[in-house]
Structures are given as C-alpha cells and as structure tokens.
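Peer 1: The structure is given below, and queries will be raised subsequently.
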Amino acid sequence: MKKEYRIKKNQDFQTVFQSGKSSANRQFVVYVLEREGQEHFRIGLSVSKKLGNAVTRNRIKRLIRQFFLEHKTLVQEKDYVVIARKPVVDMEYEEVKKSLFHVLKVAKVLKKVPK
C-alpha cells in the first residue's frame with residue numbers, strides 16, 4: 001500500500017480516536033474521521049500482541065490491507081483506524097472481507113454496497 005494511504009504517526013492515530021466516530025462488530029472496530037480536502041482514504045491498523053505472534057499479526061494486517069486495496073473505489077475519502085479483535089485470528093480472507101464490509105456498512109462509509 002502506498003505511503004500516502006497510510007496513517008503512521010501516533011498524533012494522527014490519536015486525532016482519529018478522539019475526534020472520529022467508531023463502529024464495531026465481533027471482529028473489528030473501525031474509527032472514521034472526515035478530513036477536509038482529502039483526495040483519498042488513509043488507513044491505520046492496530047493488531048494487539050494478544051492476538052498472536054508477529055507472523056499472525058502481520059497476516060491479519062495483510063488481509064485488511066488487501067481488502068482496502070481491492071475495494072478502494074467503494075471507500076469514502078476519510079481516515080480509518082481498524083482494530084482487529086480475537087476472532088480474526090482464525091478467519092480466511094473471504095470471512096475478513098465479509099466482516100469488513102459489514103462494519104463499514106454500519107459506519108455508513110461505503111459509496112455503494114456490493115452484492
């Protein structure tokens with residue numbers, strides 16, 4: 001994922017946490033913050049050490065990034081912080097995709113919902 005699509009700085013994460021709106025399901029919590037004049041979305045990922053070792057955590061982050069890459073035309077131009085919860089550890093990509101669609105639909109940030 002390109003640099004301009006990522007949130008890396010702690011200050012940016014804190015801004016999204018404090019000023020953004022959150023939505024959740026069993027697998028993910030998503031914080032969304034609208035930024036003025038932003039041309040594309042930015043995504044920050046949080047995967048706790050409680051979910052597993054580095055290999056497991058990196059796999060989860062890859063799955064989430066892949067979802068956003070595949071569906072970047074559907075996602076509105078806002079800042080997102082995605083927090084993974086315990087059930088994600090055992091999920092395959094299709095399940096992760098379905099769950100992320102659900103939580104983004106709850107957050108009302110999808111441009112058009114696929115079938």
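Naming works like this for the structure tokens: A, B, ... for the chains as they're shown, residue 1 at the start of each chain, ligands 1 onward in shown order.
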List every residue of chain A that DSSP, applied to the backbone of this structure, assigns to helix (DSSP H, G or I), and report them as a PyMOL selection string.
Peer 2: chain A and resi 3-5+10-19+49-51+54-70+86-90+93-106
Peer 1: Using only N, CA and C atoms, please write the residues we just selected to a file, as a short mmCIF file (atom, residue, chain, number, x, y, z; two decimals), in the first residue's frame.
Peer 2:
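To be explicit, this is the file written out as out37.cif:
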data_model
loop_
_atom_site.label_atom_id
_atom_site.label_comp_id
_atom_site.auth_asym_id
_atom_site.auth_seq_id
_atom_site.Cartn_x
_atom_site.Cartn_y
_atom_site.Cartn_z
N LYS A 3 2.49 4.96 0.52
CA LYS A 3 2.69 5.74 1.73
C LYS A 3 1.55 6.71 2.02
N GLU A 4 1.04 7.36 0.99
CA GLU A 4 0.01 8.38 1.22
C GLU A 4 -1.33 7.77 1.66
N TYR A 5 -1.45 6.45 1.59
CA TYR A 5 -2.68 5.77 2.02
C TYR A 5 -2.59 5.26 3.47
N ASN A 10 1.68 8.64 15.58
CA ASN A 10 0.85 8.49 16.77
C ASN A 10 -0.16 9.64 16.89
N GLN A 11 0.26 10.84 16.55
CA GLN A 11 -0.64 12.01 16.63
C GLN A 11 -1.85 11.84 15.72
N ASP A 12 -1.62 11.29 14.52
CA ASP A 12 -2.73 11.04 13.60
C ASP A 12 -3.69 9.99 14.15
N PHE A 13 -3.13 8.92 14.74
CA PHE A 13 -3.97 7.90 15.37
C PHE A 13 -4.82 8.52 16.49
N GLN A 14 -4.18 9.32 17.34
CA GLN A 14 -4.89 9.93 18.47
C GLN A 14 -6.01 10.86 17.99
N THR A 15 -5.77 11.61 16.93
CA THR A 15 -6.78 12.50 16.38
C THR A 15 -8.00 11.71 15.92
N VAL A 16 -7.76 10.59 15.23
CA VAL A 16 -8.87 9.76 14.75
C VAL A 16 -9.61 9.15 15.94
N PHE A 17 -8.88 8.67 16.95
CA PHE A 17 -9.52 8.09 18.13
C PHE A 17 -10.39 9.11 18.86
N GLN A 18 -9.86 10.31 19.05
CA GLN A 18 -10.56 11.31 19.87
C GLN A 18 -11.68 12.00 19.12
N SER A 19 -11.51 12.29 17.84
CA SER A 19 -12.50 13.06 17.09
C SER A 19 -13.37 12.22 16.17
N LYS A 49 -0.77 -7.56 20.47
CA LYS A 49 0.08 -8.73 20.70
C LYS A 49 -0.72 -9.88 21.30
N LYS A 50 -1.87 -9.58 21.88
CA LYS A 50 -2.71 -10.62 22.47
C LYS A 50 -3.25 -11.57 21.39
N LEU A 51 -3.27 -11.12 20.14
CA LEU A 51 -3.82 -11.94 19.07
C LEU A 51 -2.87 -13.02 18.58
N ALA A 54 4.21 -12.44 15.83
CA ALA A 54 4.39 -11.46 14.75
C ALA A 54 3.87 -11.99 13.42
N VAL A 55 4.04 -13.27 13.16
CA VAL A 55 3.57 -13.86 11.91
C VAL A 55 2.05 -13.73 11.80
N THR A 56 1.37 -14.05 12.87
CA THR A 56 -0.10 -13.98 12.91
C THR A 56 -0.57 -12.54 12.75
N ARG A 57 0.04 -11.64 13.48
CA ARG A 57 -0.37 -10.22 13.42
C ARG A 57 -0.13 -9.63 12.03
N ASN A 58 1.00 -9.97 11.42
CA ASN A 58 1.29 -9.46 10.08
C ASN A 58 0.33 -10.04 9.04
N ARG A 59 -0.07 -11.29 9.20
CA ARG A 59 -1.04 -11.90 8.30
C ARG A 59 -2.37 -11.16 8.37
N ILE A 60 -2.81 -10.84 9.57
CA ILE A 60 -4.07 -10.10 9.76
C ILE A 60 -3.98 -8.73 9.09
N LYS A 61 -2.85 -8.05 9.27
CA LYS A 61 -2.68 -6.73 8.64
C LYS A 61 -2.67 -6.83 7.13
N ARG A 62 -2.05 -7.87 6.59
CA ARG A 62 -2.05 -8.08 5.14
C ARG A 62 -3.46 -8.28 4.60
N LEU A 63 -4.26 -9.06 5.32
CA LEU A 63 -5.65 -9.31 4.89
C LEU A 63 -6.46 -8.02 4.87
N ILE A 64 -6.29 -7.18 5.90
CA ILE A 64 -7.03 -5.92 5.97
C ILE A 64 -6.58 -4.98 4.86
N ARG A 65 -5.26 -4.87 4.65
CA ARG A 65 -4.74 -4.02 3.57
C ARG A 65 -5.25 -4.48 2.21
N GLN A 66 -5.28 -5.80 2.01
CA GLN A 66 -5.75 -6.35 0.74
C GLN A 66 -7.20 -5.97 0.49
N PHE A 67 -8.02 -6.03 1.53
CA PHE A 67 -9.42 -5.63 1.40
C PHE A 67 -9.52 -4.19 0.92
N PHE A 68 -8.77 -3.28 1.55
CA PHE A 68 -8.85 -1.86 1.19
C PHE A 68 -8.28 -1.62 -0.21
N LEU A 69 -7.25 -2.37 -0.62
CA LEU A 69 -6.72 -2.22 -1.98
C LEU A 69 -7.73 -2.66 -3.03
N GLU A 70 -8.39 -3.79 -2.78
CA GLU A 70 -9.36 -4.31 -3.74
C GLU A 70 -10.60 -3.44 -3.85
N LYS A 86 -10.00 -10.65 18.55
CA LYS A 86 -9.57 -12.04 18.64
C LYS A 86 -10.11 -12.99 17.55
N PRO A 87 -11.42 -12.94 17.19
CA PRO A 87 -11.90 -13.91 16.20
C PRO A 87 -11.23 -13.84 14.83
N VAL A 88 -10.56 -12.74 14.52
CA VAL A 88 -9.93 -12.57 13.20
C VAL A 88 -8.79 -13.58 13.00
N VAL A 89 -8.19 -14.01 14.09
CA VAL A 89 -7.03 -14.91 14.02
C VAL A 89 -7.34 -16.15 13.19
N ASP A 90 -8.53 -16.72 13.33
CA ASP A 90 -8.88 -17.97 12.66
C ASP A 90 -9.62 -17.79 11.34
N TYR A 93 -9.56 -15.04 4.18
CA TYR A 93 -9.75 -13.74 3.56
C TYR A 93 -11.22 -13.43 3.26
N GLU A 94 -11.96 -14.41 2.75
CA GLU A 94 -13.37 -14.18 2.40
C GLU A 94 -14.18 -13.78 3.63
N GLU A 95 -13.88 -14.38 4.78
CA GLU A 95 -14.59 -14.04 6.02
C GLU A 95 -14.21 -12.64 6.49
N VAL A 96 -12.93 -12.31 6.37
CA VAL A 96 -12.45 -10.97 6.74
C VAL A 96 -13.13 -9.93 5.86
N LYS A 97 -13.21 -10.21 4.57
CA LYS A 97 -13.84 -9.30 3.62
C LYS A 97 -15.31 -9.06 3.99
N LYS A 98 -16.02 -10.13 4.26
CA LYS A 98 -17.44 -10.02 4.62
C LYS A 98 -17.61 -9.21 5.90
N SER A 99 -16.76 -9.46 6.88
CA SER A 99 -16.84 -8.76 8.15
C SER A 99 -16.51 -7.27 8.02
N LEU A 100 -15.49 -6.95 7.21
CA LEU A 100 -15.13 -5.55 6.99
C LEU A 100 -16.23 -4.81 6.22
N PHE A 101 -16.84 -5.48 5.24
CA PHE A 101 -17.97 -4.87 4.54
C PHE A 101 -19.08 -4.55 5.54
N HIS A 102 -19.34 -5.48 6.44
CA HIS A 102 -20.41 -5.28 7.42
C HIS A 102 -20.12 -4.08 8.32
N VAL A 103 -18.93 -4.01 8.87
CA VAL A 103 -18.61 -2.93 9.80
C VAL A 103 -18.54 -1.57 9.09
N LEU A 104 -18.09 -1.55 7.83
CA LEU A 104 -18.07 -0.29 7.08
C LEU A 104 -19.48 0.13 6.68
N LYS A 105 -20.36 -0.84 6.45
CA LYS A 105 -21.75 -0.52 6.15
C LYS A 105 -22.43 0.06 7.39
N VAL A 106 -22.13 -0.49 8.55
CA VAL A 106 -22.65 0.05 9.81
C VAL A 106 -22.15 1.48 10.02
#
Peer 1: Where does DSSP see strand (DSSP E or B) in range 29-69 of chain A, if you list the residues as a PyMOL selection string?
Peer 2: chain A and resi 29-33+42-46
Peer 1: Grab the residues selected above and save them as a PDB file, in the first residue's frame with N, CA and C atoms.
Peer 2:
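The new file again02.pdb reads:
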ATOM      1  N   VAL A  29     -13.110  -3.170  15.093  1.00  0.00           N
ATOM      2  CA  VAL A  29     -13.585  -1.840  15.482  1.00  0.00           C
ATOM      3  C   VAL A  29     -12.994  -0.887  14.458  1.00  0.00           C
ATOM      4  N   VAL A  30     -13.832  -0.009  13.904  1.00  0.00           N
ATOM      5  CA  VAL A  30     -13.363   0.943  12.903  1.00  0.00           C
ATOM      6  C   VAL A  30     -13.679   2.352  13.376  1.00  0.00           C
ATOM      7  N   TYR A  31     -12.650   3.176  13.468  1.00  0.00           N
ATOM      8  CA  TYR A  31     -12.817   4.600  13.768  1.00  0.00           C
ATOM      9  C   TYR A  31     -12.714   5.351  12.452  1.00  0.00           C
ATOM     10  N   VAL A  32     -13.641   6.289  12.229  1.00  0.00           N
ATOM     11  CA  VAL A  32     -13.684   7.037  10.974  1.00  0.00           C
ATOM     12  C   VAL A  32     -13.653   8.521  11.285  1.00  0.00           C
ATOM     13  N   LEU A  33     -12.781   9.247  10.584  1.00  0.00           N
ATOM     14  CA  LEU A  33     -12.689  10.694  10.761  1.00  0.00           C
ATOM     15  C   LEU A  33     -12.660  11.355   9.399  1.00  0.00           C
ATOM     16  N   ARG A  42      -7.133   7.220   4.073  1.00  0.00           N
ATOM     17  CA  ARG A  42      -5.901   6.772   4.729  1.00  0.00           C
ATOM     18  C   ARG A  42      -6.309   5.739   5.771  1.00  0.00           C
ATOM     19  N   ILE A  43      -5.469   4.735   5.951  1.00  0.00           N
ATOM     20  CA  ILE A  43      -5.812   3.654   6.864  1.00  0.00           C
ATOM     21  C   ILE A  43      -4.689   3.424   7.862  1.00  0.00           C
ATOM     22  N   GLY A  44      -5.072   3.248   9.122  1.00  0.00           N
ATOM     23  CA  GLY A  44      -4.143   2.860  10.173  1.00  0.00           C
ATOM     24  C   GLY A  44      -4.611   1.543  10.750  1.00  0.00           C
ATOM     25  N   LEU A  45      -3.683   0.650  11.053  1.00  0.00           N
ATOM     26  CA  LEU A  45      -4.041  -0.675  11.556  1.00  0.00           C
ATOM     27  C   LEU A  45      -3.505  -0.873  12.960  1.00  0.00           C
ATOM     28  N   SER A  46      -4.325  -1.514  13.792  1.00  0.00           N
ATOM     29  CA  SER A  46      -3.903  -1.850  15.139  1.00  0.00           C
ATOM     30  C   SER A  46      -4.235  -3.315  15.396  1.00  0.00           C
TER      31      SER A  46
END
Peer 1: To one decimal in Å, tell me the separation between CA of Val109 in chain A and CA of Leu74 in chain A.
Peer 2: 8.5 Å
Peer 1: Between CA of Ser23 in chain A and CA of Lys108 in chain A, measure the distance and give it in Å to one decimal.
Peer 2: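 Interatomic distance, CA of Ser23 in chain A to CA of Lys108 in chain A: 9.3 Å.
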Peer 1: Which one of A:Lys78, A:Lys8, A:Lys72, A:Lys2 sits closest to Arg35 in chain A if you count only C-alpha atoms?
Peer 2: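 Residue with the minimum atom-to-atom distance to Arg35 in chain A: A:Lys78.
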Peer 1: Have a look at A:Lys9, A:Asn25, A:Gly52, A:Glu34 and name the one nearest to Tyr80 in chain A; count only C-alpha atoms.
Peer 2: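 Nearest to Tyr80 in chain A: A:Glu34.
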